[in-house]
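Comments concern the structure below.
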Number of protein chains: 2
Amino acid sequence: MNIALPFPCEPFFQLPLGYRTLLTETAAQVSASEAPLVFAGVLLCLVVIYLASKVGGELCARLNFPPVLGELVGGVLIGVSALKLILFPENVVEGDAPALLTQFLQWSAGISPESAMAIAAQYSEVLSVLAELGVVFLLLEIGLESNLKELIRVGPQAAIVAVTGVAAPFAAGTLGLLYFFHLPVIPAIFAGAALTATSIGITAKVLSEIQQLNSQEGQIIIGAAVLDDVLGIIVLAVVASLAKNGEVQLSNIVYLIVSSTLFLIGSIVLGRLLSPYFVQLVAKLKTRGNLLITALIFAFILAYISAVIHLEAILGAFAAGLILGETDQREELTENVLPIADMLVPIFFVCVGARTDVGVLNPWVPENREGLILAVFLVVVAIVGKVITGAVVFGKEKLNRLAIGIGMIPRGEVGLVFAGVGSASGALSPSLTAAIIVMVIFTTFLAPPLLRVVFKAKAPPPDQSLVPETAL
Amino acid sequence: MNIALPFPCEPFFQLPLGYRTLLTETAAQVSASEAPLVFAGVLLCLVVIYLASKVGGELCARLNFPPVLGELVGGVLIGVSALKLILFPENVVEGDAPALLTQFLQWSAGISPESAMAIAAQYSEVLSVLAELGVVFLLLEIGLESNLKELIRVGPQAAIVAVTGVAAPFAAGTLGLLYFFHLPVIPAIFAGAALTATSIGITAKVLSEIQQLNSQEGQIIIGAAVLDDVLGIIVLAVVASLAKNGEVQLSNIVYLIVSSTLFLIGSIVLGRLLSPYFVQLVAKLKTRGNLLITALIFAFILAYISAVIHLEAILGAFAAGLILGETDQREELTENVLPIADMLVPIFFVCVGARTDVGVLNPWVPENREGLILAVFLVVVAIVGKVITGAVVFGKEKLNRLAIGIGMIPRGEVGLVFAGVGSASGALSPSLTAAIIVMVIFTTFLAPPLLRVVFKAKAPPPDQSLVPETAL
């Protein structure tokens, strides 16, 4: 199931010459005549990815679920689990038929199966990079929308909810997977970490739909979700680096926590010092894209540094977003980044879905039982670990503690980022990845109806709660 | 100079096992551990590309030249001609040191030279696709900004200028290269075709700077430049296909003219019939990016079809832009496309510059003389072939015919598209590519000062000319 086919080298076996000459010739031939078809393949894949994201997203929007889930399910439909339109190298079983889009390209362009396979290898590489650019722009956007001052203003109540909401599911999840399921350390930590996230976007959207965004509970939830996002990204950076290095050493963990904290704080402090010069520089530039390109240079440099010091590129993108969000150009920049995010982010979510083999959750196959039990365990820990955060909030008596806890449940896109990064790095087995995605789907599907119930049951009547006008 | 190194297969020679096993293992190893570094490499290249585009663009803007030329020159600076920061496979000489950014990535990530070379091959492939996406978005934007109704309104005067401005330089250029320089047929036709373009963007910008956009001459120039762009794209599609098929057959030419005309007209007719449904569909969609993603699905389908029927992807993108520009959502869609174009288009121009070895124009090297003489010939034909278009305009006596001819001179980005496509397809030799780029640079640098001179000398006083308020 996980044997990678060496696509780019397949054609070499068919040529009769000495293989040194042969490699040179074949490589040259591929780059000259097939380069336009690599691009055509990318276009074809993007059409299918966009169709899947829109069909899935719109269906979910109509069913009152977050559209991002629809993009994921759309990806599952076109990927290895169902239609097999697009296959990534890790999904290809040697001897199987190539992905349907590869066969379509081969037929419509009139090329040999070997050329089609070589082209497919190149365009799936390009798609992976586009998907990664997608997460980078998602985190850049989240950074831009997360206001540092707002983070500070929401204060201690939000902080205790956020910290409890990270610590409890992480500890319960990791320990449970280690001692009940006897998983290796790294997958257990990674899966535990995937339980820590809270989706700002989904939470805020649900709260605004039920007009509770500006209530006391709503403000605590939003504040905690913002903090949770920052904590989650640090946790992700730490566990992703652990997964890369393949072992858990205390010095390693300390190094990573210190370096990620230093990187985030250092880049923010430095960024705030430099941001007046950024504003001045942008004002002096006269050519099109002056703001966007200057911001991207800054964001990509931070992303490169964080990638190369063994953190994740997305951490740099998030830090860049936070810093740029502090400048006067925040609004104009956000307007520029939104269409790019609209274009690239769906590629990421659809590709996460397409890579995920949900067939491992088929209950009729005996060897799938482990994945299913894992999923049930993760769902329970994910819900309980967040609901208890309401209990630890100090302060006023009248708080709807259950509503706060339930507001923290949806994992949304951040949980999927964990699944995607973990699966791509090899830290998560297919069954554990699928179990995490089932957990994300469950928590995200469950929160909207639950929130409606608890706010109706316990919230003060609408005229006493704050009017939702200017929130977010 | 033009031997492609077979990067992806280099590491195989260093491993001692039977090579079938070895290929599988190495391929798996590359995709698992080096995938994040491919992305890091892309980020690093993008930072350098953006810096080059902004430094070059801003310098040109300050010197009152079109910024796009600065992007090209910036590309030349970081590419094979000068700093060698980024090298594309066709620029790599076997045995030479790898590109400086590859060495930097190797040093900063602590990997072996072989891994760095393998990663460089993958990220230069990704950069090529991003650059191609850049031209697709450029042509989508030009299509959106070109109004079909405006094209019809400017009428017969613009048409005769456009047709003469395509036919005269194409015929003179191609015949001159065939009979004076004894070039093969395909390069001669390609170089002749590169002489046909007129840059809407540069022409419109220069006219608005000298407040002549709404004068009678200005309107004819703009109309002709728009028509010229359409003709130029058909010409490009025809010559690029000829270059691909390697021979000139009358049936082939007829097929291509018919298919490109049918494709363009057919997609526009069909598109206009379907566009009300497009508007209705977008209105019904509720999720983010409803307009943009729907438009991209449409544009990428047309681009894929035009690529796969052996035209160019950009023709489909331009047709999609024209059709979508007819709908009510034109403005909103343009606002969405602009930031994406800002992000991707500079990658295209900088990469065209980086791929171009302008060293072939060094006059101190004897074998460069041919390229230099070619450049002089192309510049002369490019200027004369457009200036005479003013003479063929019928109608009112008072027209500033010289100004119309000079307004058609700048080749700008469209000329560079010809150079880029021709060079990438192998139809243009390095010296001919460089000669075309010199022609583009000369014509584009020459037009702004010349236009100022002729409009001052012959134009009616400012109060008699139309006031430039609503143009474009």
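In the structure tokens, chains take the letters A, B, ... in the order shown, each chain's residues start at 1, and ligands count up from 1 in the order shown.
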Original post:
Counting only C-alpha atoms, which residues of chain A come no farther than 7 Å from chain B, as a PyMOL selection string?
Top reply: chain A and resi 4-6+23-24+27-28+32+39-40+43-44+47+50+57-58+61+67+108-109+126+129+285-289+293+297+300-301+304+307-308+336+339-340+342-343+425
As a PDB file with all heavy atoms, in the first residue's frame, please: the residues near Ala162 of chain B (cut-off 8 Å, only C-alpha atoms, same-chain neighbours under 4 positions excluded).
ATOM      1  N   ALA B 158      -8.715  51.096 -36.696  1.00  0.00           N
ATOM      2  CA  ALA B 158      -7.847  50.300 -35.828  1.00  0.00           C
ATOM      3  C   ALA B 158      -7.498  48.976 -36.492  1.00  0.00           C
ATOM      4  O   ALA B 158      -6.360  48.500 -36.408  1.00  0.00           O
ATOM      5  CB  ALA B 158      -8.523  50.063 -34.478  1.00  0.00           C
ATOM      6  N   VAL B 166       0.826  43.754 -38.133  1.00  0.00           N
ATOM      7  CA  VAL B 166       1.212  42.351 -37.980  1.00  0.00           C
ATOM      8  C   VAL B 166       1.873  41.857 -39.260  1.00  0.00           C
ATOM      9  O   VAL B 166       2.944  41.242 -39.236  1.00  0.00           O
ATOM     10  CB  VAL B 166      -0.024  41.475 -37.624  1.00  0.00           C
ATOM     11  CG1 VAL B 166       0.299  39.993 -37.791  1.00  0.00           C
ATOM     12  CG2 VAL B 166      -0.473  41.762 -36.207  1.00  0.00           C
ATOM     13  N   ALA B 224      -6.086  49.299 -32.025  1.00  0.00           N
ATOM     14  CA  ALA B 224      -5.202  48.466 -32.835  1.00  0.00           C
ATOM     15  C   ALA B 224      -4.355  47.559 -31.955  1.00  0.00           C
ATOM     16  O   ALA B 224      -4.117  46.391 -32.296  1.00  0.00           O
ATOM     17  CB  ALA B 224      -4.312  49.347 -33.706  1.00  0.00           C
ATOM     18  N   ALA B 225      -3.915  48.068 -30.811  1.00  0.00           N
ATOM     19  CA  ALA B 225      -3.086  47.256 -29.920  1.00  0.00           C
ATOM     20  C   ALA B 225      -3.881  46.081 -29.365  1.00  0.00           C
ATOM     21  O   ALA B 225      -3.361  44.973 -29.230  1.00  0.00           O
ATOM     22  CB  ALA B 225      -2.538  48.111 -28.781  1.00  0.00           C
ATOM     23  N   LEU B 227      -6.540  44.621 -30.885  1.00  0.00           N
ATOM     24  CA  LEU B 227      -6.675  43.675 -31.995  1.00  0.00           C
ATOM     25  C   LEU B 227      -5.356  42.948 -32.246  1.00  0.00           C
ATOM     26  O   LEU B 227      -5.330  41.742 -32.507  1.00  0.00           O
ATOM     27  CB  LEU B 227      -7.088  44.415 -33.266  1.00  0.00           C
ATOM     28  CG  LEU B 227      -8.560  44.797 -33.372  1.00  0.00           C
ATOM     29  CD1 LEU B 227      -8.790  45.587 -34.644  1.00  0.00           C
ATOM     30  CD2 LEU B 227      -9.423  43.537 -33.371  1.00  0.00           C
ATOM     31  N   ASP B 228      -4.265  43.717 -32.174  1.00  0.00           N
ATOM     32  CA  ASP B 228      -2.939  43.177 -32.393  1.00  0.00           C
ATOM     33  C   ASP B 228      -2.631  42.054 -31.407  1.00  0.00           C
ATOM     34  O   ASP B 228      -2.010  41.039 -31.759  1.00  0.00           O
ATOM     35  CB  ASP B 228      -1.926  44.312 -32.200  1.00  0.00           C
ATOM     36  CG  ASP B 228      -0.688  44.095 -33.028  1.00  0.00           C
ATOM     37  OD1 ASP B 228      -0.510  42.982 -33.526  1.00  0.00           O
ATOM     38  OD2 ASP B 228       0.076  45.052 -33.177  1.00  0.00           O
ATOM     39  N   THR B 389       2.552  51.709 -40.405  1.00  0.00           N
ATOM     40  CA  THR B 389       1.110  51.482 -40.241  1.00  0.00           C
ATOM     41  C   THR B 389       0.353  52.797 -40.204  1.00  0.00           C
ATOM     42  O   THR B 389      -0.806  52.847 -40.599  1.00  0.00           O
ATOM     43  CB  THR B 389       0.808  50.710 -38.945  1.00  0.00           C
ATOM     44  OG1 THR B 389       1.262  51.469 -37.835  1.00  0.00           O
ATOM     45  CG2 THR B 389       1.460  49.351 -38.948  1.00  0.00           C
TER      46      THR B 389
END
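The shortest atom-to-atom distance to Val376 of chain B, with only C-alpha atoms taken into account, belongs to B:Leu177 out of B:Val185, B:Gly420, B:Ala243, B:Leu177.
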Original post:
What lies within 9 Å of Phe181 of chain A using only C-alpha atoms, ignoring chain neighbours under 4 positions off, as a PyMOL selection string?
Top reply: chain A and resi 176-177+370+374
**OP:** Write out as number ranges by chain each polymer residue whose atoms come within 10 Å of segment 354-369 of chain A, counting only C-alpha atoms; drop sequence neighbours fewer than 3 positions from it.
**Re:** A: 1, 49, 72-91, 348-351, 372-375, 419-420, 423-424, 430-435, 437-438
Env of Val239 of chain B: 8 Å cut, atoms = only C-alpha atoms, seq-sep filter 6 positions within chain, self excluded. Answer as a PDB file with N, CA and C atoms, in the first residue's frame.
ATOM      1  N   ILE B 186      11.710  27.452 -39.623  1.00  0.00           N
ATOM      2  CA  ILE B 186      10.950  27.621 -38.376  1.00  0.00           C
ATOM      3  C   ILE B 186      11.490  28.753 -37.505  1.00  0.00           C
ATOM      4  N   ILE B 189      10.412  32.048 -39.096  1.00  0.00           N
ATOM      5  CA  ILE B 189       8.990  32.357 -38.907  1.00  0.00           C
ATOM      6  C   ILE B 189       8.731  32.783 -37.464  1.00  0.00           C
ATOM      7  N   PHE B 190       9.362  32.076 -36.519  1.00  0.00           N
ATOM      8  CA  PHE B 190       9.138  32.396 -35.107  1.00  0.00           C
ATOM      9  C   PHE B 190       9.621  33.806 -34.790  1.00  0.00           C
ATOM     10  N   ALA B 193       7.353  36.290 -36.270  1.00  0.00           N
ATOM     11  CA  ALA B 193       6.123  36.378 -35.486  1.00  0.00           C
ATOM     12  C   ALA B 193       6.329  37.227 -34.238  1.00  0.00           C
TER      13      ALA B 193
END
Original post:
Quick one, how far is atom CA of Thr443 of chain A from atom CA of Gly422 of chain A?
Top reply: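 The value is 19.2 Å.
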Original post:
What lies within 7 Å of segment 262-272 of chain A using only C-alpha atoms, ignoring chain neighbours under 3 positions off, as a PyMOL selection string?
Top reply: chain A and resi 258-259+275+319+323
Restrict the selected residues to C-alpha atoms and save them as a short mmCIF file (atom, residue, chain, number, x, y, z; two decimals), in the first residue's frame.
data_model
loop_
_atom_site.label_atom_id
_atom_site.label_comp_id
_atom_site.auth_asym_id
_atom_site.auth_seq_id
_atom_site.Cartn_x
_atom_site.Cartn_y
_atom_site.Cartn_z
CA VAL A 258 13.18 27.19 22.90
CA SER A 259 13.92 27.66 19.21
CA SER A 275 7.51 47.28 10.51
CA ALA A 319 4.63 34.89 12.39
CA ILE A 323 3.65 41.05 12.29
#
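Going from atom CA of Ser115 of chain B to atom CA of Gln103 of chain B covers 10.9 Å.
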